file target09.txt (compact mmCIF, C-alpha atoms)
# COMPACT_ATOMS: atom_id res chain seq x y z
CA THR A 598 -35.50 90.58 45.19
CA GLY A 599 -35.99 92.83 42.21
CA GLN A 600 -37.62 95.95 40.84
CA ASP A 601 -40.63 96.90 42.99
CA SER A 602 -44.05 96.43 41.40
CA VAL A 603 -47.65 95.89 42.42
CA GLY A 604 -48.55 92.33 43.40
CA ILE A 605 -45.20 90.76 44.27
CA ILE A 606 -46.22 89.70 47.77
CA ALA A 607 -49.65 88.54 46.57
CA ALA A 608 -48.19 86.44 43.75
CA VAL A 609 -45.64 84.69 45.96
CA CYS A 610 -48.16 84.17 48.79
CA ASN A 611 -50.74 82.75 46.38
CA LEU A 612 -48.19 80.29 44.96
CA LEU A 613 -47.24 79.15 48.46
CA ALA A 614 -50.92 78.77 49.42
CA GLU A 615 -51.56 76.64 46.33
CA LEU A 616 -48.78 74.31 47.51
CA ASN A 617 -50.17 74.22 51.09
CA ILE A 618 -47.16 76.08 52.52
CA ASN A 619 -47.76 78.15 55.65
CA ILE A 620 -46.04 81.53 55.97
CA ARG A 621 -44.73 81.86 59.53
CA ASP A 622 -43.03 85.26 59.18
CA ILE A 623 -42.54 87.82 56.44
CA ASN A 624 -40.38 90.92 56.15
CA GLN A 625 -40.22 93.23 53.15
CA THR A 626 -38.42 96.45 52.30
CA VAL A 627 -38.35 98.78 49.33
CA MET A 628 -35.24 100.93 48.91
CA ASP A 629 -34.90 103.17 45.84
CA GLU A 630 -37.49 101.05 43.98
CA PHE A 631 -35.59 97.84 44.82
CA PHE A 632 -37.84 95.25 46.51
CA THR A 633 -36.50 92.75 49.03
CA MET A 634 -38.57 90.18 50.90
CA ALA A 635 -37.65 87.41 53.31
CA MET A 636 -40.09 84.74 54.46
CA LEU A 637 -39.97 81.98 57.01
CA VAL A 638 -42.27 79.22 55.79
CA ASP A 639 -43.43 75.85 57.08
CA THR A 640 -43.31 73.24 54.33
CA THR A 641 -44.49 70.35 56.55
CA SER A 642 -47.75 70.02 54.60
CA CYS A 643 -46.32 71.02 51.21
CA THR A 644 -47.93 69.13 48.34
CA CYS A 645 -44.72 68.87 46.27
CA SER A 646 -41.06 67.97 46.65
CA TYR A 647 -38.40 70.50 47.61
CA GLU A 648 -37.04 70.44 44.06
CA ASP A 649 -40.49 71.04 42.57
CA LEU A 650 -41.00 73.93 45.00
CA ARG A 651 -37.65 75.44 44.00
CA GLN A 652 -38.57 75.14 40.34
CA ALA A 653 -42.01 76.71 40.91
CA LEU A 654 -40.41 79.65 42.73
CA ASP A 655 -37.77 80.02 40.00
CA ALA A 656 -40.51 80.09 37.35
CA LYS A 657 -42.58 82.63 39.28
CA GLY A 658 -39.51 84.82 39.75
CA GLU A 659 -38.55 84.62 36.10
CA ALA A 660 -42.10 85.50 35.00
CA MET A 661 -42.08 88.54 37.30
CA GLY A 662 -38.48 89.65 36.68
CA LEU A 663 -37.43 88.72 40.23
CA SER A 664 -34.84 86.54 41.89
CA ILE A 665 -36.60 84.13 44.26
CA ARG A 666 -34.44 81.77 46.27
CA ILE A 667 -35.28 79.11 48.84
CA GLN A 668 -32.97 77.75 51.51
CA ARG A 669 -33.44 74.89 53.94
CA GLU A 670 -33.53 75.85 57.61
CA ASP A 671 -30.54 73.70 58.61
CA ILE A 672 -28.36 75.37 55.98
CA PHE A 673 -29.60 78.81 57.02
CA HIS A 674 -28.69 78.16 60.67
CA ALA A 675 -25.28 76.75 59.74
CA MET A 676 -24.48 79.84 57.68
CA HIS A 677 -25.50 82.24 60.45
CA ARG A 678 -23.87 80.46 63.37
CA ILE A 679 -21.10 82.38 65.13
call {"tool": "encode", "arguments": {"input": "target09.txt", "output": "structure tokens"}}
result
Amino acid sequence: TGQDSVGIIAAVCNLLAELNINIRDINQTVMDEFFTMAMLVDTTSCTCSYEDLRQALDAKGEAMGLSIRIQREDIFHAMHRI
């Protein structure tokens, strides 16, 4: 999430591709110049650890003035269970 600008999706997608992460689904919205994106990714073939991935996303977000967060699927499902 963050201020909308050109290249956000490309930058995040390129980083994920470099780490051999497959994007399964993507949803993005811009409201009053505020960018929000959610992705479902498959990290089965990822070339780094979860912690290294988190750090890479944090660094990319910081460089672009964005907040990029990652969450494991099991935690996501537990949080959204009724």
call {"tool": "atom_distance", "arguments": {"input": "target09.txt", "atom1": "CA of Phe631 in chain A", "atom2": "CA of Glu615 in chain A"}}
result
26.6 Å
call {"tool": "atom_distance", "arguments": {"input": "target09.txt", "atom1": "CA of Ile623 in chain A", "atom2": "CA of Asp671 in chain A"}}
result
18.7 Å
call {"tool": "atom_distance", "arguments": {"input": "target09.txt", "atom1": "CA of Ile606 in chain A", "atom2": "CA of Gln625 in chain A"}}
result
8.8 Å
call {"tool": "axis_aligned_box", "arguments": {"input": "target09.txt", "around": "range 606-616 of chain A", "padding_each_side": "8 Å", "output": "JSON"}}
result
{"center_x": -48.6, "center_y": 82.0, "center_z": 46.6, "size_x": 21.9, "size_y": 31.4, "size_z": 21.7}
call {"tool": "residues_near_point", "arguments": {"input": "target09.txt", "point": "(-43.5, 89.4, 46.8)", "cutoff": "10 Å", "atoms": "all atoms listed in the file", "output": "list in words"}}
result
Thr598, Gly599, Asp601, Ser602, Val603, Gly604, Ile605, Ile606, Ala607, Ala608, Val609, Cys610, Asn611, Ile623, Asn624, Gln625, Phe632, Thr633, Met634, Ala635, Met636, Gly658, Met661, Leu663 and Ile665 of chain A
call {"tool": "closest_residue", "arguments": {"input": "target09.txt", "among": "A:Ile620, A:Ile667, A:Met628, A:Leu637", "to": "Leu650 in chain A", "atoms": "all atoms listed in the file"}}
result
A:Ile667
call {"tool": "residues_near_point", "arguments": {"input": "target09.txt", "point": "(-42.1, 73.9, 58.0)", "cutoff": "9 Å", "atoms": "all atoms listed in the file", "output": "ChimeraX atom specification"}}
result
/A:618-621,637-643,670
call {"tool": "closest_residue", "arguments": {"input": "target09.txt", "among": "A:Glu630, A:Arg678, A:Gln600, A:Leu613", "to": "Ala653 in chain A", "atoms": "all atoms listed in the file"}}
result
A:Leu613
call {"tool": "build_atoms", "arguments": {"input": "target09.txt", "residues": "range 650-661 of chain A", "atoms": "all heavy atoms", "output": "PDB file, in the coordinates of the input"}}
result
ATOM      1  N   LEU A 650     -40.749  72.618  44.399  1.00  0.00           N
ATOM      2  CA  LEU A 650     -41.000  73.930  45.000  1.00  0.00           C
ATOM      3  C   LEU A 650     -39.968  74.940  44.505  1.00  0.00           C
ATOM      4  O   LEU A 650     -40.314  76.051  44.101  1.00  0.00           O
ATOM      5  CB  LEU A 650     -40.949  73.837  46.530  1.00  0.00           C
ATOM      6  CG  LEU A 650     -40.994  75.153  47.301  1.00  0.00           C
ATOM      7  CD1 LEU A 650     -42.246  75.966  46.965  1.00  0.00           C
ATOM      8  CD2 LEU A 650     -40.897  74.874  48.799  1.00  0.00           C
ATOM      9  N   ARG A 651     -38.708  74.553  44.493  1.00  0.00           N
ATOM     10  CA  ARG A 651     -37.650  75.440  44.000  1.00  0.00           C
ATOM     11  C   ARG A 651     -37.914  75.833  42.555  1.00  0.00           C
ATOM     12  O   ARG A 651     -37.812  76.998  42.181  1.00  0.00           O
ATOM     13  CB  ARG A 651     -36.278  74.774  44.143  1.00  0.00           C
ATOM     14  CG  ARG A 651     -35.115  75.716  43.816  1.00  0.00           C
ATOM     15  CD  ARG A 651     -33.798  74.977  43.718  1.00  0.00           C
ATOM     16  NE  ARG A 651     -33.769  74.008  42.650  1.00  0.00           N
ATOM     17  CZ  ARG A 651     -33.717  74.311  41.336  1.00  0.00           C
ATOM     18  NH1 ARG A 651     -33.700  75.553  40.945  1.00  0.00           N
ATOM     19  NH2 ARG A 651     -33.686  73.356  40.432  1.00  0.00           N
ATOM     20  N   GLN A 652     -38.292  74.860  41.740  1.00  0.00           N
ATOM     21  CA  GLN A 652     -38.570  75.140  40.340  1.00  0.00           C
ATOM     22  C   GLN A 652     -39.785  76.051  40.169  1.00  0.00           C
ATOM     23  O   GLN A 652     -39.781  76.946  39.310  1.00  0.00           O
ATOM     24  CB  GLN A 652     -38.768  73.834  39.565  1.00  0.00           C
ATOM     25  CG  GLN A 652     -37.481  73.064  39.387  1.00  0.00           C
ATOM     26  CD  GLN A 652     -37.691  71.726  38.685  1.00  0.00           C
ATOM     27  OE1 GLN A 652     -38.797  71.375  38.286  1.00  0.00           O
ATOM     28  NE2 GLN A 652     -36.604  70.975  38.542  1.00  0.00           N
ATOM     29  N   ALA A 653     -40.809  75.854  40.979  1.00  0.00           N
ATOM     30  CA  ALA A 653     -42.010  76.710  40.910  1.00  0.00           C
ATOM     31  C   ALA A 653     -41.656  78.145  41.298  1.00  0.00           C
ATOM     32  O   ALA A 653     -42.124  79.104  40.666  1.00  0.00           O
ATOM     33  CB  ALA A 653     -43.099  76.155  41.829  1.00  0.00           C
ATOM     34  N   LEU A 654     -40.823  78.310  42.320  1.00  0.00           N
ATOM     35  CA  LEU A 654     -40.410  79.650  42.730  1.00  0.00           C
ATOM     36  C   LEU A 654     -39.508  80.294  41.676  1.00  0.00           C
ATOM     37  O   LEU A 654     -39.632  81.486  41.394  1.00  0.00           O
ATOM     38  CB  LEU A 654     -39.701  79.601  44.089  1.00  0.00           C
ATOM     39  CG  LEU A 654     -40.609  79.276  45.271  1.00  0.00           C
ATOM     40  CD1 LEU A 654     -39.774  78.979  46.516  1.00  0.00           C
ATOM     41  CD2 LEU A 654     -41.593  80.406  45.538  1.00  0.00           C
ATOM     42  N   ASP A 655     -38.615  79.510  41.088  1.00  0.00           N
ATOM     43  CA  ASP A 655     -37.770  80.020  40.000  1.00  0.00           C
ATOM     44  C   ASP A 655     -38.636  80.519  38.836  1.00  0.00           C
ATOM     45  O   ASP A 655     -38.399  81.597  38.281  1.00  0.00           O
ATOM     46  CB  ASP A 655     -36.812  78.950  39.487  1.00  0.00           C
ATOM     47  CG  ASP A 655     -35.622  78.709  40.402  1.00  0.00           C
ATOM     48  OD1 ASP A 655     -35.383  79.535  41.313  1.00  0.00           O
ATOM     49  OD2 ASP A 655     -34.935  77.689  40.198  1.00  0.00           O
ATOM     50  N   ALA A 656     -39.634  79.726  38.466  1.00  0.00           N
ATOM     51  CA  ALA A 656     -40.510  80.090  37.350  1.00  0.00           C
ATOM     52  C   ALA A 656     -41.310  81.346  37.663  1.00  0.00           C
ATOM     53  O   ALA A 656     -41.449  82.234  36.815  1.00  0.00           O
ATOM     54  CB  ALA A 656     -41.447  78.928  37.016  1.00  0.00           C
ATOM     55  N   LYS A 657     -41.827  81.439  38.882  1.00  0.00           N
ATOM     56  CA  LYS A 657     -42.580  82.630  39.280  1.00  0.00           C
ATOM     57  C   LYS A 657     -41.670  83.848  39.248  1.00  0.00           C
ATOM     58  O   LYS A 657     -42.051  84.908  38.745  1.00  0.00           O
ATOM     59  CB  LYS A 657     -43.184  82.437  40.680  1.00  0.00           C
ATOM     60  CG  LYS A 657     -43.960  83.620  41.218  1.00  0.00           C
ATOM     61  CD  LYS A 657     -45.166  83.959  40.375  1.00  0.00           C
ATOM     62  CE  LYS A 657     -46.262  82.951  40.548  1.00  0.00           C
ATOM     63  NZ  LYS A 657     -47.485  83.305  39.809  1.00  0.00           N
ATOM     64  N   GLY A 658     -40.464  83.717  39.764  1.00  0.00           N
ATOM     65  CA  GLY A 658     -39.510  84.820  39.750  1.00  0.00           C
ATOM     66  C   GLY A 658     -39.164  85.254  38.343  1.00  0.00           C
ATOM     67  O   GLY A 658     -39.145  86.449  38.041  1.00  0.00           O
ATOM     68  N   GLU A 659     -38.906  84.293  37.481  1.00  0.00           N
ATOM     69  CA  GLU A 659     -38.550  84.620  36.100  1.00  0.00           C
ATOM     70  C   GLU A 659     -39.709  85.344  35.405  1.00  0.00           C
ATOM     71  O   GLU A 659     -39.495  86.331  34.697  1.00  0.00           O
ATOM     72  CB  GLU A 659     -38.197  83.346  35.330  1.00  0.00           C
ATOM     73  CG  GLU A 659     -37.693  83.628  33.933  1.00  0.00           C
ATOM     74  CD  GLU A 659     -37.207  82.368  33.229  1.00  0.00           C
ATOM     75  OE1 GLU A 659     -36.643  81.487  33.899  1.00  0.00           O
ATOM     76  OE2 GLU A 659     -37.398  82.291  32.002  1.00  0.00           O
ATOM     77  N   ALA A 660     -40.929  84.882  35.626  1.00  0.00           N
ATOM     78  CA  ALA A 660     -42.100  85.500  35.000  1.00  0.00           C
ATOM     79  C   ALA A 660     -42.310  86.936  35.486  1.00  0.00           C
ATOM     80  O   ALA A 660     -42.830  87.774  34.750  1.00  0.00           O
ATOM     81  CB  ALA A 660     -43.349  84.666  35.289  1.00  0.00           C
ATOM     82  N   MET A 661     -41.869  87.218  36.723  1.00  0.00           N
ATOM     83  CA  MET A 661     -42.080  88.540  37.300  1.00  0.00           C
ATOM     84  C   MET A 661     -40.820  89.409  37.262  1.00  0.00           C
ATOM     85  O   MET A 661     -40.824  90.536  37.751  1.00  0.00           O
ATOM     86  CB  MET A 661     -42.560  88.394  38.749  1.00  0.00           C
ATOM     87  CG  MET A 661     -43.902  87.688  38.864  1.00  0.00           C
ATOM     88  SD  MET A 661     -44.477  87.622  40.551  1.00  0.00           S
ATOM     89  CE  MET A 661     -44.903  89.348  40.800  1.00  0.00           C
TER      90      MET A 661
END
